[in-house]
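As provided, data_20.pdb (PDB, C-alpha atoms) reads as follows.
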```pdb
ATOM      1  CA  MET A  14       0.000   0.000   0.000
ATOM      2  CA  ASP A  15       3.073   2.151  -0.172
ATOM      3  CA  GLN A  16       2.157   3.035  -3.778
ATOM      4  CA  VAL A  17      -1.270   4.296  -2.689
ATOM      5  CA  LYS A  18       0.317   6.486  -0.006
ATOM      6  CA  ARG A  19       2.884   7.838  -2.464
ATOM      7  CA  LEU A  20       0.223   8.592  -5.083
ATOM      8  CA  ILE A  21      -1.889  10.441  -2.530
ATOM      9  CA  ASP A  22       1.140  12.357  -1.272
ATOM     10  CA  ALA A  23       1.871  13.348  -4.877
ATOM     11  CA  GLY A  24      -1.657  14.719  -5.268
ATOM     12  CA  ALA A  25      -3.741  11.893  -6.766
ATOM     13  CA  ARG A  26      -7.466  12.406  -6.162
ATOM     14  CA  LEU A  27      -8.732   9.192  -7.787
ATOM     15  CA  ILE A  28      -6.970   5.838  -7.671
ATOM     16  CA  GLN A  29      -7.971   2.623  -9.389
ATOM     17  CA  LEU A  30      -6.707  -0.372  -7.422
ATOM     18  CA  ARG A  31      -5.657  -3.064  -9.876
ATOM     19  CA  ASP A  32      -4.245  -6.478  -9.054
ATOM     20  CA  LYS A  33      -4.591  -9.165 -11.686
ATOM     21  CA  TYR A  34      -2.604 -11.868  -9.900
ATOM     22  CA  SER A  35      -3.369 -12.002  -6.168
ATOM     23  CA  ALA A  36      -5.793 -14.471  -4.689
ATOM     24  CA  PRO A  37      -9.187 -12.887  -3.934
ATOM     25  CA  ARG A  38      -8.563 -12.949  -0.164
ATOM     26  CA  ASP A  39      -5.200 -11.209  -0.568
ATOM     27  CA  PHE A  40      -6.660  -8.622  -2.944
ATOM     28  CA  TYR A  41      -9.519  -8.009  -0.522
ATOM     29  CA  GLN A  42      -7.084  -7.377   2.342
ATOM     30  CA  ASP A  43      -4.952  -5.049   0.210
ATOM     31  CA  ALA A  44      -8.046  -3.229  -1.021
ATOM     32  CA  GLU A  45      -9.308  -2.840   2.532
ATOM     33  CA  THR A  46      -6.033  -1.203   3.551
ATOM     34  CA  ALA A  47      -5.921   0.963   0.418
ATOM     35  CA  LEU A  48      -9.511   2.112   0.937
ATOM     36  CA  ARG A  49      -8.804   3.058   4.552
ATOM     37  CA  ILE A  50      -5.759   5.091   3.448
ATOM     38  CA  ALA A  51      -7.684   6.757   0.615
ATOM     39  CA  SER A  52     -10.745   7.514   2.744
ATOM     40  CA  ASP A  53      -8.617   9.096   5.462
ATOM     41  CA  GLN A  54      -7.247  11.487   2.828
ATOM     42  CA  HIS A  55     -10.600  12.069   1.046
ATOM     43  CA  VAL A  56      -9.300  10.363  -2.104
ATOM     44  CA  THR A  57     -11.639   8.379  -4.362
ATOM     45  CA  LEU A  58     -10.718   4.709  -4.731
ATOM     46  CA  ILE A  59     -12.284   2.354  -7.243
ATOM     47  CA  ILE A  60     -11.635  -1.360  -7.537
ATOM     48  CA  ASN A  61     -10.595  -2.889 -10.850
ATOM     49  CA  ASP A  62     -12.608  -5.890 -12.098
ATOM     50  CA  ARG A  63     -13.861  -7.085  -8.723
ATOM     51  CA  VAL A  64     -17.396  -5.814  -8.074
ATOM     52  CA  ASP A  65     -17.706  -8.278  -5.195
ATOM     53  CA  ILE A  66     -14.759  -6.692  -3.407
ATOM     54  CA  ALA A  67     -15.952  -3.165  -4.236
ATOM     55  CA  LEU A  68     -19.361  -4.049  -2.789
ATOM     56  CA  ALA A  69     -17.999  -5.783   0.304
ATOM     57  CA  LEU A  70     -15.746  -2.824   1.129
ATOM     58  CA  LYS A  71     -18.200  -0.124   0.053
ATOM     59  CA  SER A  72     -15.520   1.421  -2.165
ATOM     60  CA  ASP A  73     -16.305   4.429  -4.335
ATOM     61  CA  GLY A  74     -16.884   2.211  -7.343
ATOM     62  CA  ALA A  75     -15.460  -0.266  -9.812
ATOM     63  CA  HIS A  76     -13.763  -0.319 -13.167
ATOM     64  CA  LEU A  77     -14.880  -3.138 -15.450
ATOM     65  CA  GLY A  78     -13.405  -4.852 -18.453
ATOM     66  CA  GLN A  79     -15.224  -6.446 -21.346
ATOM     67  CA  THR A  80     -15.267  -9.890 -19.700
ATOM     68  CA  ASP A  81     -16.142  -8.772 -16.166
ATOM     69  CA  LEU A  82     -19.577  -8.660 -14.564
ATOM     70  CA  PRO A  83     -22.001  -6.915 -16.944
ATOM     71  CA  VAL A  84     -22.381  -3.203 -16.235
ATOM     72  CA  PRO A  85     -26.156  -3.311 -15.493
ATOM     73  CA  ALA A  86     -25.565  -5.996 -12.849
ATOM     74  CA  ALA A  87     -22.675  -4.038 -11.347
ATOM     75  CA  ARG A  88     -24.848  -0.913 -11.230
ATOM     76  CA  ARG A  89     -27.648  -2.817  -9.451
ATOM     77  CA  LEU A  90     -25.177  -4.132  -6.874
ATOM     78  CA  LEU A  91     -23.156  -0.972  -6.319
ATOM     79  CA  GLY A  92     -25.996   1.543  -6.575
ATOM     80  CA  ASP A  93     -26.529   4.794  -8.396
ATOM     81  CA  GLU A  94     -23.880   6.732  -6.478
ATOM     82  CA  ALA A  95     -20.998   4.373  -7.318
ATOM     83  CA  ILE A  96     -18.496   5.318  -9.989
ATOM     84  CA  ILE A  97     -18.470   2.699 -12.723
ATOM     85  CA  GLY A  98     -16.094   2.807 -15.654
ATOM     86  CA  LEU A  99     -15.772   0.436 -18.580
ATOM     87  CA  SER A 100     -12.751  -0.410 -20.709
ATOM     88  CA  THR A 101     -13.367  -0.428 -24.450
ATOM     89  CA  HIS A 102     -10.984  -1.411 -27.215
ATOM     90  CA  ASN A 103     -12.738  -0.578 -30.475
ATOM     91  CA  ILE A 104     -15.462   1.620 -31.925
ATOM     92  CA  GLU A 105     -18.147  -1.065 -31.614
ATOM     93  CA  GLN A 106     -17.513  -1.470 -27.891
ATOM     94  CA  VAL A 107     -17.661   2.309 -27.429
ATOM     95  CA  GLN A 108     -21.024   2.433 -29.205
ATOM     96  CA  VAL A 109     -22.387  -0.227 -26.841
ATOM     97  CA  ALA A 110     -20.849   1.478 -23.786
ATOM     98  CA  ARG A 111     -22.626   4.745 -24.596
ATOM     99  CA  GLN A 112     -25.920   3.030 -23.774
ATOM    100  CA  LEU A 113     -24.790   1.620 -20.414
ATOM    101  CA  PRO A 114     -25.167   3.140 -16.931
ATOM    102  CA  ILE A 115     -21.505   4.104 -16.590
ATOM    103  CA  ASN A 116     -19.712   7.240 -15.440
ATOM    104  CA  TYR A 117     -16.796   7.115 -17.860
ATOM    105  CA  ILE A 118     -15.384   5.197 -20.807
ATOM    106  CA  ALA A 119     -11.795   4.011 -20.877
ATOM    107  CA  PHE A 120     -10.439   3.472 -24.381
ATOM    108  CA  GLY A 121      -7.291   1.838 -25.693
ATOM    109  CA  PRO A 122      -4.675   0.631 -25.640
ATOM    110  CA  ILE A 123      -3.633   3.813 -27.368
ATOM    111  CA  PHE A 124      -0.007   2.653 -27.468
ATOM    112  CA  ARG A 125       1.748  -0.644 -26.886
ATOM    113  CA  THR A 126       1.584  -1.690 -23.240
ATOM    114  CA  GLN A 127       3.558  -4.089 -21.086
ATOM    115  CA  THR A 128       1.023  -4.342 -18.242
ATOM    116  CA  LYS A 129      -1.222  -6.937 -19.883
ATOM    117  CA  ALA A 130      -0.214 -10.445 -20.865
ATOM    118  CA  ALA A 131      -2.319 -10.395 -24.047
ATOM    119  CA  PRO A 132      -3.241  -6.790 -24.805
ATOM    120  CA  ASP A 133      -5.790  -5.808 -27.402
ATOM    121  CA  PRO A 134      -4.404  -4.295 -30.625
ATOM    122  CA  THR A 135      -3.273  -0.694 -30.234
ATOM    123  CA  THR A 136      -5.805   1.868 -31.366
ATOM    124  CA  GLY A 137      -3.683   4.990 -31.772
ATOM    125  CA  LEU A 138      -4.479   8.661 -31.491
ATOM    126  CA  ARG A 139      -6.522   8.829 -34.700
ATOM    127  CA  THR A 140      -9.074   6.350 -33.345
ATOM    128  CA  LEU A 141      -9.096   8.138 -29.986
ATOM    129  CA  LYS A 142     -10.142  11.334 -31.844
ATOM    130  CA  ILE A 143     -13.035   9.427 -33.434
ATOM    131  CA  VAL A 144     -14.107   8.013 -30.064
ATOM    132  CA  ARG A 145     -14.152  11.539 -28.635
ATOM    133  CA  THR A 146     -16.799  12.478 -31.218
ATOM    134  CA  LEU A 147     -18.976   9.509 -30.223
ATOM    135  CA  THR A 148     -19.493  10.255 -26.548
ATOM    136  CA  ASN A 149     -19.941  13.082 -24.095
ATOM    137  CA  LEU A 150     -18.966  10.844 -21.198
ATOM    138  CA  PRO A 151     -15.566  11.465 -19.647
ATOM    139  CA  LEU A 152     -13.003   9.656 -21.800
ATOM    140  CA  VAL A 153      -9.986   8.021 -20.185
ATOM    141  CA  ALA A 154      -7.153   6.940 -22.475
ATOM    142  CA  ILE A 155      -5.455   3.690 -21.480
ATOM    143  CA  GLY A 156      -2.464   1.713 -22.650
ATOM    144  CA  GLY A 157       1.149   2.786 -22.921
ATOM    145  CA  ILE A 158       0.562   6.319 -21.656
ATOM    146  CA  SER A 159       3.687   8.123 -20.456
ATOM    147  CA  ALA A 160       4.715  11.676 -19.648
ATOM    148  CA  GLU A 161       6.309  11.800 -23.099
ATOM    149  CA  ASN A 162       3.129  10.986 -25.050
ATOM    150  CA  ALA A 163       0.378  12.225 -22.696
ATOM    151  CA  SER A 164       0.080  15.697 -24.229
ATOM    152  CA  GLY A 165      -0.761  14.126 -27.605
ATOM    153  CA  VAL A 166      -3.348  11.930 -25.913
ATOM    154  CA  PHE A 167      -5.018  14.960 -24.329
ATOM    155  CA  ALA A 168      -4.887  16.810 -27.654
ATOM    156  CA  ALA A 169      -6.689  13.838 -29.273
ATOM    157  CA  GLY A 170      -9.608  14.293 -26.891
ATOM    158  CA  ALA A 171      -8.933  12.341 -23.701
ATOM    159  CA  ASP A 172     -10.223  13.925 -20.522
ATOM    160  CA  ALA A 173      -7.863  11.826 -18.425
ATOM    161  CA  VAL A 174      -5.233   9.143 -18.740
ATOM    162  CA  ALA A 175      -4.757   5.921 -16.828
ATOM    163  CA  THR A 176      -1.227   4.704 -16.449
ATOM    164  CA  ILE A 177       0.654   2.175 -14.405
ATOM    165  CA  SER A 178       4.266   2.059 -15.505
ATOM    166  CA  GLY A 179       4.219   5.756 -16.444
ATOM    167  CA  VAL A 180       3.760   6.682 -12.785
ATOM    168  CA  VAL A 181       4.430   3.723 -10.466
ATOM    169  CA  GLY A 182       7.003   1.880 -12.587
ATOM    170  CA  ASP A 183       9.763   3.215 -10.316
ATOM    171  CA  ALA A 184       8.421   3.401  -6.764
ATOM    172  CA  ALA A 185      11.072   5.911  -5.729
ATOM    173  CA  LYS A 186       9.898   8.314  -8.448
ATOM    174  CA  ILE A 187       6.116   8.103  -8.069
ATOM    175  CA  ALA A 188       5.721  11.758  -7.066
ATOM    176  CA  GLU A 189       8.096  12.960  -9.785
ATOM    177  CA  ASN A 190       6.409  10.823 -12.451
ATOM    178  CA  PHE A 191       2.945  11.872 -11.275
ATOM    179  CA  HIS A 192       3.838  15.562 -11.551
ATOM    180  CA  ARG A 193       5.389  15.080 -15.009
ATOM    181  CA  MET A 194       2.191  13.367 -16.144
ATOM    182  CA  LEU A 195       0.036  16.066 -14.588
ATOM    183  CA  ALA A 196       2.039  18.754 -16.368
ATOM    184  CA  SER A 197       0.939  17.176 -19.680
ATOM    185  CA  ALA A 198      -2.747  17.743 -18.923
ATOM    186  CA  PRO A 199      -4.504  20.818 -20.266
ATOM    187  CA  ASN A 200      -5.344  23.446 -17.674
TER     188      ASN A 200
END
```
File written out as structure tokens:
Amino acid sequence: MDQVKRLIDAGARLIQLRDKYSAPRDFYQDAETALRIASDQHVTLIINDRVDIALALKSDGAHLGQTDLPVPAARRLLGDEAIIGLSTHNIEQVQVARQLPINYIAFGPIFRTQTKAAPDPTTGLRTLKIVRTLTNLPLVAIGGISAENASGVFAAGADAVATISGVVGDAAKIAENFHRMLASAPN
């Protein structure tokens, strides 16, 4: 949970807790600790993939992938106040997502990413621009985002970026990386 503390200290206001490899019990315990840390600092914390854990801990919401619990079911379980986001990887998925009870759409991978074992094909900035025209929901760009390419991602229409290695890849530089990424965002 050191990463959560470092992100909060750097100024993060929303954190998505993602752990693709831990056993459910271990992830639950980590999420419980992370949520306590985030809540104490008035930082929003959403749980990746695991609606059951988000529900059990009463987190601020959940982020879902294409093969996770269907969004309408997650919304029924988590309630109207929960933040629910959905990852999309092509135009067709975005068109479906627009009709769902979600708070934001994540789209990508924009660039090649190392954080997934079998990532979807990269979409690129051109497709991100098209997606921006298809929805008024907040649009979060995902996949291979770094401080070096983030300004182009924002220029293509993203409201926010989600990154793992671009910020937490070097634990000693989380604050520095976070501020470099933040500097790429439009005012």
Next item on the list: Identify, on the basis of all atoms listed in the file, every residue whose closest approach to Ser52 (chain A) does not exceed 12 Å; exclude the query and any residue fewer than 2 positions from it along the same chain; express the result as a VMD selection string.
Entry: chain A and resid 17 to 18 21 26 to 28 44 to 50 54 to 59 70 to 73
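Residues matching the PyMOL selection byres ((chain A and resi 109) around 12) in this structure come to Gln79, Pro83, Val84, Leu99, Ser100, Thr101, His102, Asn103, Ile104, Glu105, Gln106, Val107, Gln108, Ala110, Arg111, Gln112, Leu113, Pro114, Ile115, Ile118, Leu147 and Thr148 of chain A.
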Next item on the list: I would like the residues chosen by the PyMOL selection byres ((chain A and resi 138-143) around 7) on the shown file; could you give them as a PyMOL selection string?
Entry: chain A and resi 123+136-137+144-147+166+169-170
Margin query: I need the output of the PyMOL selection byres ((chain A and resi 91) around 8) for this file as a PyMOL selection string; which residues are they?
Written below: chain A and resi 64+67-68+74+87-90+92-95
Note to self: Which polymer residues, whether protein, DNA or RNA, lie within 10 Å of the coordinate (6.3, 13.6, -13.6) when you count all atoms listed in the file? List them as a ChimeraX atom specification, using the chain letters and numbers from the file.
What the structure shows: /A:23,159-161,179-180,186-197
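Put simply, CA of Ser164 (chain A) is 14.6 Å away from CA of Leu152 (chain A).
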